[in-house]
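Chemist: Enclosed is the structure file start08.csv (CSV, C-alpha atoms).
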chain,number,residue,atom,x,y,z
A,6,MET,CA,-47.1,144.2,-85.2
A,7,ILE,CA,-46.1,141.4,-82.8
A,8,GLN,CA,-43.2,141.7,-80.3
A,9,GLU,CA,-42.1,138.7,-78.2
A,10,LYS,CA,-39.5,138.7,-75.5
A,11,HIS,CA,-37.2,135.7,-75.0
A,12,PHE,CA,-34.5,134.8,-72.4
A,13,VAL,CA,-31.7,132.6,-73.7
A,14,HIS,CA,-29.1,130.9,-71.5
A,15,ASN,CA,-25.7,131.5,-72.9
A,16,GLY,CA,-24.1,128.6,-71.0
A,17,ASP,CA,-21.9,131.0,-69.0
A,18,GLY,CA,-24.2,132.2,-66.3
A,19,TRP,CA,-26.3,134.8,-68.2
A,20,LEU,CA,-29.8,134.9,-69.6
A,21,LEU,CA,-29.7,137.0,-72.7
A,22,GLY,CA,-32.7,139.2,-73.5
A,23,LEU,CA,-33.9,138.8,-77.1
A,24,LYS,CA,-36.8,140.7,-78.7
A,25,GLN,CA,-38.5,139.3,-81.7
A,26,THR,CA,-40.5,141.7,-83.9
A,27,TYR,CA,-42.6,141.0,-87.0
A,28,GLU,CA,-45.7,142.1,-88.9
A,29,PRO,CA,-47.7,139.0,-89.7
A,30,ARG,CA,-49.4,140.5,-92.8
A,31,ALA,CA,-46.1,141.7,-94.2
A,32,LEU,CA,-43.7,138.9,-93.1
A,33,ASP,CA,-41.8,137.2,-96.0
A,34,ARG,CA,-41.0,133.8,-94.6
A,35,SER,CA,-38.6,133.0,-97.4
A,36,ARG,CA,-36.2,135.7,-96.1
A,37,ARG,CA,-33.6,135.2,-93.4
A,38,PRO,CA,-34.4,136.8,-90.0
A,39,VAL,CA,-32.3,139.9,-89.1
A,40,ALA,CA,-30.4,140.1,-85.8
A,41,ILE,CA,-29.4,143.5,-84.5
A,42,ILE,CA,-26.4,143.7,-82.1
A,43,PRO,CA,-25.8,146.8,-79.9
A,44,GLY,CA,-22.3,148.2,-79.3
A,45,TYR,CA,-20.2,149.7,-76.6
A,46,GLY,CA,-21.9,151.1,-73.5
A,47,MET,CA,-25.4,150.6,-74.9
A,48,ASN,CA,-28.3,148.1,-75.0
A,49,ALA,CA,-30.9,147.3,-77.7
A,50,PHE,CA,-33.5,149.8,-76.6
A,51,ILE,CA,-32.7,152.3,-79.4
A,52,PHE,CA,-33.4,149.8,-82.1
A,53,GLY,CA,-37.1,149.9,-81.0
A,54,TYR,CA,-37.3,153.6,-80.5
A,55,HIS,CA,-37.2,156.7,-82.7
A,56,PRO,CA,-38.1,160.2,-81.5
A,57,ARG,CA,-40.0,161.2,-84.6
A,58,GLY,CA,-40.6,158.2,-86.8
A,59,LYS,CA,-40.5,154.5,-87.2
A,60,SER,CA,-37.7,152.7,-85.3
A,61,MET,CA,-35.3,150.4,-87.0
A,62,GLU,CA,-37.2,147.4,-85.8
A,63,ALA,CA,-40.6,148.7,-86.9
A,64,TYR,CA,-39.3,149.9,-90.3
A,65,TRP,CA,-37.8,146.6,-91.2
A,66,ALA,CA,-40.8,144.6,-89.9
A,67,ASP,CA,-43.0,146.7,-92.1
A,68,GLN,CA,-40.7,145.7,-95.0
A,69,GLY,CA,-41.4,142.0,-94.4
A,70,PHE,CA,-38.5,141.1,-92.1
A,71,GLU,CA,-38.5,139.2,-88.9
A,72,VAL,CA,-36.3,141.3,-86.6
A,73,TRP,CA,-34.5,140.2,-83.5
A,74,SER,CA,-32.8,142.8,-81.2
A,75,LEU,CA,-30.2,141.3,-78.9
A,76,ASN,CA,-29.1,142.3,-75.4
A,77,LEU,CA,-25.9,140.5,-74.7
A,78,ARG,CA,-24.6,140.0,-71.1
A,79,ALA,CA,-24.9,143.1,-68.9
A,80,GLN,CA,-27.1,144.8,-71.5
A,81,GLY,CA,-30.7,145.8,-71.2
A,82,ASN,CA,-33.0,143.2,-69.6
A,83,SER,CA,-30.4,140.4,-69.7
A,84,LYS,CA,-30.1,138.6,-66.3
A,85,ARG,CA,-27.1,137.3,-64.4
A,86,VAL,CA,-27.6,133.8,-63.1
A,87,GLY,CA,-24.2,133.0,-61.6
A,88,GLY,CA,-22.1,134.4,-64.4
A,89,ARG,CA,-19.2,136.9,-64.1
A,90,LYS,CA,-20.0,140.7,-64.2
A,91,GLN,CA,-16.8,141.3,-66.2
A,92,TYR,CA,-16.5,140.2,-69.8
A,93,GLY,CA,-14.5,140.7,-72.9
A,94,PHE,CA,-14.5,140.3,-76.6
A,95,TYR,CA,-14.6,136.5,-76.7
A,96,ASP,CA,-17.5,136.3,-74.2
A,97,ALA,CA,-19.6,138.7,-76.2
A,98,ALA,CA,-18.6,137.7,-79.8
A,99,VAL,CA,-18.4,134.0,-79.4
A,100,THR,CA,-20.3,132.8,-76.3
A,101,ASP,CA,-23.2,135.3,-76.4
A,102,LEU,CA,-23.7,135.7,-80.1
A,103,GLY,CA,-23.3,131.9,-80.6
A,104,ALA,CA,-26.1,131.2,-78.1
A,105,ALA,CA,-28.4,134.0,-79.5
A,106,PHE,CA,-27.9,133.0,-83.2
A,107,ASP,CA,-28.6,129.3,-82.4
A,108,PHE,CA,-31.8,130.3,-80.6
A,109,ILE,CA,-33.0,132.5,-83.5
A,110,THR,CA,-32.5,129.9,-86.1
A,111,ARG,CA,-34.4,127.4,-84.0
A,112,ASN,CA,-37.3,129.7,-83.2
A,113,THR,CA,-37.8,131.9,-86.2
A,114,LYS,CA,-41.2,132.2,-87.9
A,115,THR,CA,-39.4,132.1,-91.3
A,116,LYS,CA,-38.4,129.1,-93.3
A,117,ALA,CA,-34.7,130.1,-93.4
A,118,GLY,CA,-32.0,128.0,-91.9
A,119,ARG,CA,-29.6,131.0,-91.5
A,120,LEU,CA,-29.9,134.6,-90.4
A,121,ASP,CA,-28.5,138.0,-91.4
A,122,ALA,CA,-26.8,140.1,-88.8
A,123,VAL,CA,-26.5,143.9,-88.3
A,124,GLY,CA,-23.8,145.0,-85.9
A,125,CYS,CA,-23.9,148.5,-84.6
A,126,SER,CA,-20.6,150.2,-83.7
A,127,LEU,CA,-18.8,147.7,-81.4
A,128,GLY,CA,-21.6,145.2,-82.2
A,129,GLY,CA,-20.2,145.1,-85.7
A,130,THR,CA,-16.7,144.3,-84.3
A,131,TYR,CA,-18.3,141.4,-82.4
A,132,LEU,CA,-19.5,140.1,-85.7
A,133,TYR,CA,-16.0,140.2,-87.3
A,134,ALA,CA,-14.7,138.3,-84.2
A,135,ASN,CA,-17.5,135.8,-84.3
A,136,LEU,CA,-16.9,135.0,-88.0
A,137,THR,CA,-13.2,134.5,-87.2
A,138,LEU,CA,-13.1,132.8,-83.9
A,139,SER,CA,-15.9,130.2,-84.5
A,140,PRO,CA,-16.0,129.7,-88.3
A,141,GLU,CA,-17.3,126.2,-87.9
A,142,LYS,CA,-20.5,127.6,-86.3
A,143,ASN,CA,-21.1,130.2,-89.0
A,144,ILE,CA,-24.8,130.3,-89.6
A,145,LEU,CA,-24.9,133.8,-90.9
A,146,GLY,CA,-26.0,134.8,-94.3
A,147,SER,CA,-25.3,138.5,-95.0
A,148,VAL,CA,-23.4,140.8,-92.6
A,149,VAL,CA,-24.1,144.6,-92.1
A,150,THR,CA,-21.9,146.7,-89.9
A,151,ILE,CA,-22.8,150.3,-89.0
A,152,GLY,CA,-19.9,152.6,-87.8
A,153,ALA,CA,-17.9,149.5,-86.7
A,154,PRO,CA,-14.2,149.5,-86.3
A,155,LEU,CA,-11.9,146.5,-87.1
A,156,GLN,CA,-8.5,148.0,-87.5
A,157,TRP,CA,-7.7,151.4,-86.0
A,158,VAL,CA,-6.3,153.1,-89.0
A,159,LYS,CA,-7.2,156.5,-87.7
A,160,LEU,CA,-8.1,157.4,-84.2
A,161,ASN,CA,-10.2,160.2,-82.7
A,162,PRO,CA,-8.1,162.2,-80.2
A,163,MET,CA,-10.8,161.8,-77.6
A,164,LEU,CA,-10.7,158.0,-77.8
A,165,LYS,CA,-6.9,158.1,-77.7
A,166,THR,CA,-7.1,159.9,-74.4
A,167,VAL,CA,-9.8,157.7,-72.9
A,168,PHE,CA,-8.1,154.4,-74.0
A,169,GLY,CA,-4.5,155.6,-74.0
A,170,SER,CA,-3.4,153.2,-71.2
A,171,PRO,CA,-4.7,149.6,-71.1
A,172,ARG,CA,-3.6,149.4,-67.4
A,173,VAL,CA,-5.6,152.5,-66.4
A,174,ALA,CA,-8.6,151.6,-68.6
A,175,GLY,CA,-8.7,148.2,-66.9
A,176,MET,CA,-8.7,149.7,-63.4
A,177,LEU,CA,-11.5,152.2,-63.8
A,178,ALA,CA,-14.9,151.0,-62.4
A,179,ILE,CA,-17.4,153.3,-64.1
A,180,ARG,CA,-20.9,153.4,-62.6
A,181,GLY,CA,-24.0,155.6,-63.0
A,182,VAL,CA,-23.4,156.5,-66.6
A,183,ARG,CA,-27.1,156.8,-67.4
A,184,PRO,CA,-28.0,159.2,-64.6
A,185,PHE,CA,-24.9,161.2,-65.4
A,186,ALA,CA,-25.9,161.4,-69.1
A,187,ARG,CA,-29.4,162.5,-68.0
A,188,LEU,CA,-27.9,165.4,-66.0
A,189,THR,CA,-25.3,166.5,-68.5
A,190,MET,CA,-27.3,166.2,-71.8
A,191,PRO,CA,-29.3,169.4,-71.3
A,192,VAL,CA,-25.9,171.2,-71.1
A,193,LEU,CA,-24.4,169.5,-74.1
A,194,THR,CA,-27.4,170.3,-76.3
A,195,ARG,CA,-26.6,173.9,-75.8
A,196,ILE,CA,-23.0,173.4,-77.0
A,197,PRO,CA,-23.5,171.8,-80.5
A,198,LYS,CA,-19.8,171.6,-81.2
A,199,LEU,CA,-19.3,169.1,-78.4
A,200,LEU,CA,-22.4,167.1,-79.2
A,201,GLN,CA,-21.6,166.9,-82.9
A,202,VAL,CA,-18.9,164.3,-82.2
A,203,TYR,CA,-21.8,161.9,-81.6
A,204,LEU,CA,-25.0,163.5,-83.1
A,205,HIS,CA,-26.2,166.6,-84.8
A,206,PRO,CA,-29.0,168.5,-82.9
A,207,GLU,CA,-30.1,170.0,-86.3
A,208,ILE,CA,-31.5,166.6,-87.4
A,209,VAL,CA,-32.2,164.9,-84.0
A,210,ASP,CA,-35.1,165.7,-81.7
A,211,THR,CA,-33.0,166.5,-78.6
A,212,SER,CA,-36.1,167.2,-76.5
A,213,ARG,CA,-36.5,163.4,-76.4
A,214,MET,CA,-33.0,162.7,-75.0
A,215,LYS,CA,-34.5,161.4,-71.7
A,216,GLU,CA,-36.1,158.5,-73.6
A,217,MET,CA,-33.1,157.9,-75.8
A,218,ILE,CA,-30.7,157.8,-72.8
A,219,GLN,CA,-32.4,154.5,-71.8
A,220,THR,CA,-30.0,152.8,-74.3
A,221,VAL,CA,-27.0,153.8,-72.2
A,222,GLU,CA,-25.2,151.1,-70.2
A,223,ASN,CA,-22.2,151.1,-67.8
A,224,PRO,CA,-18.9,149.9,-69.5
A,225,ASN,CA,-16.8,147.3,-67.7
A,226,ARG,CA,-13.1,147.1,-66.8
A,227,THR,CA,-12.2,144.0,-68.7
A,228,LEU,CA,-13.6,145.2,-72.0
A,229,ASN,CA,-12.1,148.6,-71.5
A,230,ARG,CA,-8.7,147.1,-71.1
A,231,GLN,CA,-9.1,145.0,-74.2
A,232,ILE,CA,-10.3,148.0,-76.2
A,233,ALA,CA,-7.3,150.0,-75.0
A,234,GLU,CA,-4.9,147.2,-76.1
A,235,TRP,CA,-6.7,147.1,-79.5
A,236,VAL,CA,-6.5,150.8,-79.9
A,237,LYS,CA,-2.8,150.8,-79.1
A,238,ARG,CA,-2.0,147.9,-81.4
A,239,GLY,CA,-4.3,148.8,-84.2
A,240,ASP,CA,-5.2,145.2,-85.1
A,241,LEU,CA,-7.9,143.4,-83.1
A,242,VAL,CA,-6.4,140.3,-81.4
A,243,VAL,CA,-8.6,138.0,-79.3
A,244,ARG,CA,-7.2,135.0,-77.5
A,245,GLY,CA,-4.1,135.1,-79.7
A,246,VAL,CA,-6.0,135.3,-83.0
A,247,ASN,CA,-5.4,138.4,-85.1
A,248,VAL,CA,-9.0,139.0,-86.1
A,249,THR,CA,-8.1,141.9,-88.4
A,250,GLU,CA,-6.1,139.5,-90.7
A,251,ALA,CA,-8.0,136.3,-90.1
A,252,VAL,CA,-11.3,137.9,-91.3
A,253,ALA,CA,-9.9,137.4,-94.8
A,254,ASP,CA,-11.2,133.9,-94.6
A,255,ALA,CA,-14.8,135.1,-94.0
A,256,LYS,CA,-16.9,134.9,-97.2
A,257,ASN,CA,-20.3,136.3,-96.1
A,258,PRO,CA,-21.7,139.2,-98.2
A,259,LEU,CA,-20.7,142.4,-96.4
A,260,LEU,CA,-22.2,145.9,-96.3
A,261,VAL,CA,-20.2,148.5,-94.4
A,262,VAL,CA,-22.3,151.5,-93.4
A,263,LEU,CA,-20.5,154.7,-92.2
A,264,SER,CA,-21.3,158.4,-91.7
A,265,ASN,CA,-19.4,161.3,-93.2
A,266,ALA,CA,-19.0,163.2,-90.0
A,267,ASP,CA,-18.4,160.4,-87.4
A,268,GLY,CA,-16.4,161.6,-84.5
A,269,ILE,CA,-16.2,158.2,-82.9
A,270,VAL,CA,-15.2,155.8,-85.7
A,271,PRO,CA,-13.4,157.7,-88.6
A,272,GLU,CA,-14.1,156.6,-92.2
A,273,ALA,CA,-10.7,154.9,-92.7
A,274,THR,CA,-11.3,152.8,-89.6
A,275,ALA,CA,-14.9,151.9,-90.5
A,276,LEU,CA,-13.7,150.9,-94.0
A,277,SER,CA,-10.9,148.6,-92.7
A,278,ALA,CA,-13.2,145.6,-92.8
A,279,HIS,CA,-14.2,146.3,-96.4
A,280,HIS,CA,-10.5,146.0,-97.3
A,281,LYS,CA,-9.7,143.0,-95.1
A,282,MET,CA,-12.7,140.7,-95.4
A,283,GLY,CA,-12.6,137.9,-98.0
A,284,SER,CA,-16.1,138.3,-99.3
A,285,SER,CA,-16.8,138.4,-103.0
A,286,VAL,CA,-19.8,140.7,-102.3
A,287,LYS,CA,-18.7,143.9,-100.4
A,288,ASP,CA,-20.6,147.1,-100.5
A,289,ILE,CA,-20.3,150.5,-98.9
A,290,LEU,CA,-23.0,152.9,-97.8
A,291,CYS,CA,-21.7,156.3,-96.8
A,292,VAL,CA,-24.4,158.4,-95.2
A,293,GLY,CA,-24.4,162.2,-95.2
A,294,THR,CA,-23.7,165.3,-97.3
A,295,THR,CA,-21.8,168.6,-97.0
A,296,GLU,CA,-25.1,170.3,-96.3
A,297,VAL,CA,-26.3,167.6,-93.8
A,298,PRO,CA,-23.4,166.0,-92.0
A,299,VAL,CA,-24.2,162.8,-90.2
A,300,ALA,CA,-22.5,161.5,-87.0
A,301,HIS,CA,-22.4,158.2,-85.2
A,302,ALA,CA,-25.8,158.3,-83.4
A,303,ASP,CA,-27.5,160.1,-86.3
A,304,LEU,CA,-27.5,156.8,-88.1
A,305,PHE,CA,-30.2,155.5,-85.7
A,306,VAL,CA,-32.2,158.4,-84.3
A,307,SER,CA,-32.0,161.3,-86.7
A,308,ASP,CA,-34.7,162.6,-89.0
A,309,ILE,CA,-32.9,161.1,-92.0
A,310,ALA,CA,-32.4,157.7,-90.5
A,311,GLN,CA,-35.4,156.0,-92.2
A,312,GLU,CA,-34.7,157.3,-95.7
A,313,TRP,CA,-30.9,157.2,-95.7
A,314,VAL,CA,-30.1,154.2,-93.4
A,315,PHE,CA,-33.1,151.9,-92.7
A,316,GLU,CA,-34.4,151.9,-96.3
A,317,PRO,CA,-31.2,151.2,-98.2
A,318,LEU,CA,-30.2,148.5,-95.7
A,319,ALA,CA,-33.6,146.8,-96.2
A,320,GLN,CA,-33.1,146.9,-99.9
A,321,TRP,CA,-29.6,145.5,-99.7
A,322,LEU,CA,-30.7,142.6,-97.5
A,323,ILE,CA,-33.6,141.9,-99.8
A,324,ALA,CA,-31.3,141.7,-102.7
A,325,GLN,CA,-28.9,139.3,-100.9
A,326,ASN,CA,-31.9,137.1,-100.0
A,327,GLN,CA,-33.2,136.9,-103.5
A,328,ALA,CA,-30.2,136.6,-105.8
A,329,PRO,CA,-28.0,133.5,-106.1
A,330,PRO,CA,-24.4,134.2,-105.0
A,331,GLU,CA,-23.0,134.3,-108.5
A,332,GLU,CA,-25.5,137.0,-109.5
A,333,ARG,CA,-25.2,139.3,-106.5
A,334,ARG,CA,-24.0,142.7,-107.3
A,335,SER,CA,-20.8,143.8,-105.6
A,336,SER,CA,-20.0,147.5,-105.7
A,337,ARG,CA,-16.5,148.0,-104.4
A,338,GLY,CA,-16.7,151.7,-105.2
A,339,GLY,CA,-19.4,152.2,-102.7
A,340,HIS,CA,-22.7,154.2,-102.6
A,341,SER,CA,-23.8,157.3,-100.8
A,342,ALA,CA,-27.0,158.3,-99.1
A,343,GLY,CA,-28.3,161.8,-98.7
A,344,LYS,CA,-28.1,163.2,-102.2
A,345,LYS,CA,-31.6,164.8,-101.6
A,346,ALA,CA,-30.4,166.5,-98.5
A,347,LYS,CA,-31.0,170.1,-99.7
A,348,GLY,CA,-34.6,169.4,-100.8
A,349,ALA,CA,-35.4,167.3,-97.8
A,350,HIS,CA,-34.2,169.7,-95.3
A,351,GLY,CA,-34.8,173.1,-97.0
Could you render the structure from this file as structure tokens?

Modeler:
Amino acid sequence: MIQEKHFVHNGDGWLLGLKQTYEPRALDRSRRPVAIIPGYGMNAFIFGYHPRGKSMEAYWADQGFEVWSLNLRAQGNSKRVGGRKQYGFYDAAVTDLGAAFDFITRNTKTKAGRLDAVGCSLGGTYLYANLTLSPEKNILGSVVTIGAPLQWVKLNPMLKTVFGSPRVAGMLAIRGVRPFARLTMPVLTRIPKLLQVYLHPEIVDTSRMKEMIQTVENPNRTLNRQIAEWVKRGDLVVRGVNVTEAVADAKNPLLVVLSNADGIVPEATALSAHHKMGSSVKDILCVGTTEVPVAHADLFVSDIAQEWVFEPLAQWLIAQNQAPPEERRSSRGGHSAGKKAKGAHG
């Protein structure tokens, strides 16, 4: 498996860190490359790491995809070269994603002229904003969002507390999140009810938390304020454009992935894009069962991630690459993953 690192200037004082992963013997050059976008307070590390199995990058590369993991500004190995430390929705969704997507289409090993995008949590929200705010530059094929909010239909009480005031959220300068997480995680793993808002220790190897915490990044004040305004309003508005409503003009095939026990992005909120987006192909993958509930981070690092998340996403993307638009299946009723939970987990 080959992994190459690239630095891409975004035109706004940042070199974005992109990682290209592919398996030469498996690569299907007729398929679109897949770009993975990280979310709030995280970088792309976790896409290349799994505590007990193949990572998302490795799994999809073995399936014949060329996979690109993106670090936007202030994430991972991205470098500031004169740009501002503070950034908001437009900076990430339009400036950074625009530069990254353009670079990928010009440097892919595939024969495709477009790319597919997988947005994780807030990374999925960035994709909705990108489609809406720069439609003339839309070079995306299919869009997958994982636990991604668009309209806050329902709000977790914890988030309501954290982002209750845009003014306060915009004033708080939070530093040292990764060292703090490293110190507190051993305590949290002994209090499952607290941790289950984000992940379930029953299906995640929590002994590897020190490695997984490498994906944690410090949040920034500007984005915090904008998130607080969004949470208060319900609709996402960026530079005067109501993204929640304007996304009706986006026609890209859409797969919304959500977990049945997500304590961060409730089901109704994750499904808002499925209701709002104007695509003729819109599918839903709900991950988890009563016996094996699945939370936000479980979708990436749990024991069931490969079978219940990585594999069905790969198959969906393959189907969208192969079939002409008029023949693509659209299942508005949705699908579920995890029907074999009892057998798989005893």

Chemist: Work out how far apart atom CA of A:Arg111 and atom CA of A:His11 are and give it in Å to one decimal.

Modeler: 12.6 Å

Chemist: So that I can check the surroundings of A:Ala105, please list as a ChimeraX atom specification every protein, DNA and RNA residue that reaches within 12 Å of it, counting only C-alpha atoms and ignoring chain neighbours fewer than 3 positions away.

Modeler: /A:11-16,19-25,39-42,73-78,83,97-102,108-113,120,122,144-145

Chemist: Pick from A:Lys281, A:Ala275, A:Gln68, A:Leu228: nearest to A:Tyr45, with only C-alpha atoms counted?

Modeler: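 Using only C-alpha atoms, the shortest distance to A:Tyr45 belongs to A:Leu228.
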
Chemist: Could you check which residues have any atom within 6 Å of (-29.6, 164.2, -87.5), counting only C-alpha atoms with coordinates taken straight from the file, and then list them as a CSV table (one decimal) with C-alpha atoms, keeping the file's coordinate frame?

Modeler:
chain,number,residue,atom,x,y,z
A,205,HIS,CA,-26.2,166.6,-84.8
A,207,GLU,CA,-30.1,170.0,-86.3
A,208,ILE,CA,-31.5,166.6,-87.4
A,209,VAL,CA,-32.2,164.9,-84.0
A,303,ASP,CA,-27.5,160.1,-86.3
A,307,SER,CA,-32.0,161.3,-86.7
A,308,ASP,CA,-34.7,162.6,-89.0

Chemist: For the atom pair atom CA of A:Gly93 and atom CA of A:Gln231, what is the interatomic distance in Å to one decimal place?

Modeler: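 Separation between atom CA of A:Gly93 and atom CA of A:Gln231: 7.0 Å.
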
Chemist: Which is closest to A:Ala66 among A:Ala79, A:Leu32, A:Ala49, A:Ala251, if we use only C-alpha atoms?

Modeler: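 Under the stated criterion, the closest residue is A:Leu32.
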
Chemist: Smallest atom-to-atom distance to A:Leu318: which of A:Val236, A:Val261, A:Ala253, A:Ala266, using only C-alpha atoms?

Modeler: A:Val261

Chemist: Between A:Met6, A:Ser264, A:Arg34, A:Ile309, which residue has the minimum interatomic distance to A:His55, considering only C-alpha atoms?

Modeler: A:Ile309

Chemist: Taking (-5.4, 138.3, -78.1) in the file's own coordinates, collect the residues within 10 Å, counting all atoms listed in the file, and hand them back as a list in words.

Modeler: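 Result, sorted by chain then residue number: Phe94, Tyr95, Gln231, Glu234, Trp235, Asp240, Leu241, Val242, Val243, Arg244, Gly245, Val246, Asn247 and Val248 of chain A.
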
Chemist: Can you measure atom CA of A:Arg57 to atom CA of A:Val299 for me? One decimal in Å is fine.

Modeler: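 Pair atom CA of A:Arg57 / atom CA of A:Val299 returns 16.8 Å.
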
Chemist: Looking at all atoms listed in the file, which of A:Trp321, A:Phe106, A:Gln327, A:Gln91 is the one that sits closest to A:Arg226?

Modeler: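 Checking each of A:Trp321, A:Phe106, A:Gln327, A:Gln91 against A:Arg226, counting all atoms listed in the file, the winner is A:Gln91.
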
Chemist: Give me the residues near stretch 52-54 of chain A as a VMD selection string, where near means some atom within 8 Å (using only C-alpha atoms) and where sequence neighbours in that chain fewer than 3 positions away do not count.

Modeler: chain A and resid 41 49 59 to 63 74 217 305 to 306

Chemist: Rank A:Gly18, A:Cys125, A:Phe50, A:Asn326 by their smallest atom-to-atom distance to A:Ser35, using only C-alpha atoms, and report the top residue only.

Modeler: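 Smallest separation from A:Ser35 among the options: A:Asn326.
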
Chemist: Need to verify the contact set: A:His279, 9 Å, all atoms listed in the file, exclusion of same-chain residues closer than 4 positions in sequence. Can you return it as number ranges by chain?

Modeler: A: 259-261, 275, 283-284, 287-289, 337
